[in-house]
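What follows is a short report on a single structure.
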Amino acid sequence: MAGISSESQFVTFSLGDEIFAVPVEVVREILDHEEPFKIPHGPEYLLGLRDVRGQGVPVIDLRLRLGMTRTLKTPHTRILVLDVPVADRVLVLGLVADRVFEVVPFRKEQIETAPDIGVRWRSDYIAGVVRRESGFVVVVDLARLFSDSGPALADVGPQSQVA
């Protein structure tokens, strides 16, 4: 996996029962959830804008972006404010997470590629998968997820086609 030295730090968070991770160096801050300012005619996963230290930051419901059900706000819901390098610029985004857990180190050799299931499915947002005693952690490739080549909502989910 490009960009990972022998050991890298990741912020882990949940969407439902699934655990995801992003590199700690892209996490600007973690905020309590507040309802964002709605933007008309945006994609469904774009919840709106939130003021973060004087900057309007788009807030994304990552569950919707990945083809899951909409996030239901709880006392544990957080927004990860991220600096996502995409092509020749850096996107500042707020990702809604059901819960943020911890910063953990993963060794390069712990990170496996996305599984091959024999049919075409949108796994290009998965930078890798890490096995843990309690299950798996999916390392998200944020640049692919939020670039033009990232998965569209219609491409994610059960309607995948056979390759």
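Just so we're on the same page: first chain in the structure tokens is A, next is B, and so on; residues restart at 1 for each chain, and ligands are numbered from 1 in the order they show up.
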Q. Just asking: which residues within stretch 42-129 of chain A are strand (DSSP E or B) according to DSSP, as a PyMOL selection string?
A. chain A and resi 46-52+55-61+78-86+89-97+99-107+111-112+126-129
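Using only C-alpha atoms for every distance, the candidate list A:Val100, A:Val139, A:Leu145, A:Ile39 yields A:Ile39 as the residue closest to A:Val57.
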Q.
I'd like to know which of A:Leu31, A:Ala127, A:Ser147, A:Ile19 is closest to A:Asp88, using only C-alpha atoms.
A.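 That would be A:Ser147, the residue with the smallest distance to A:Asp88.
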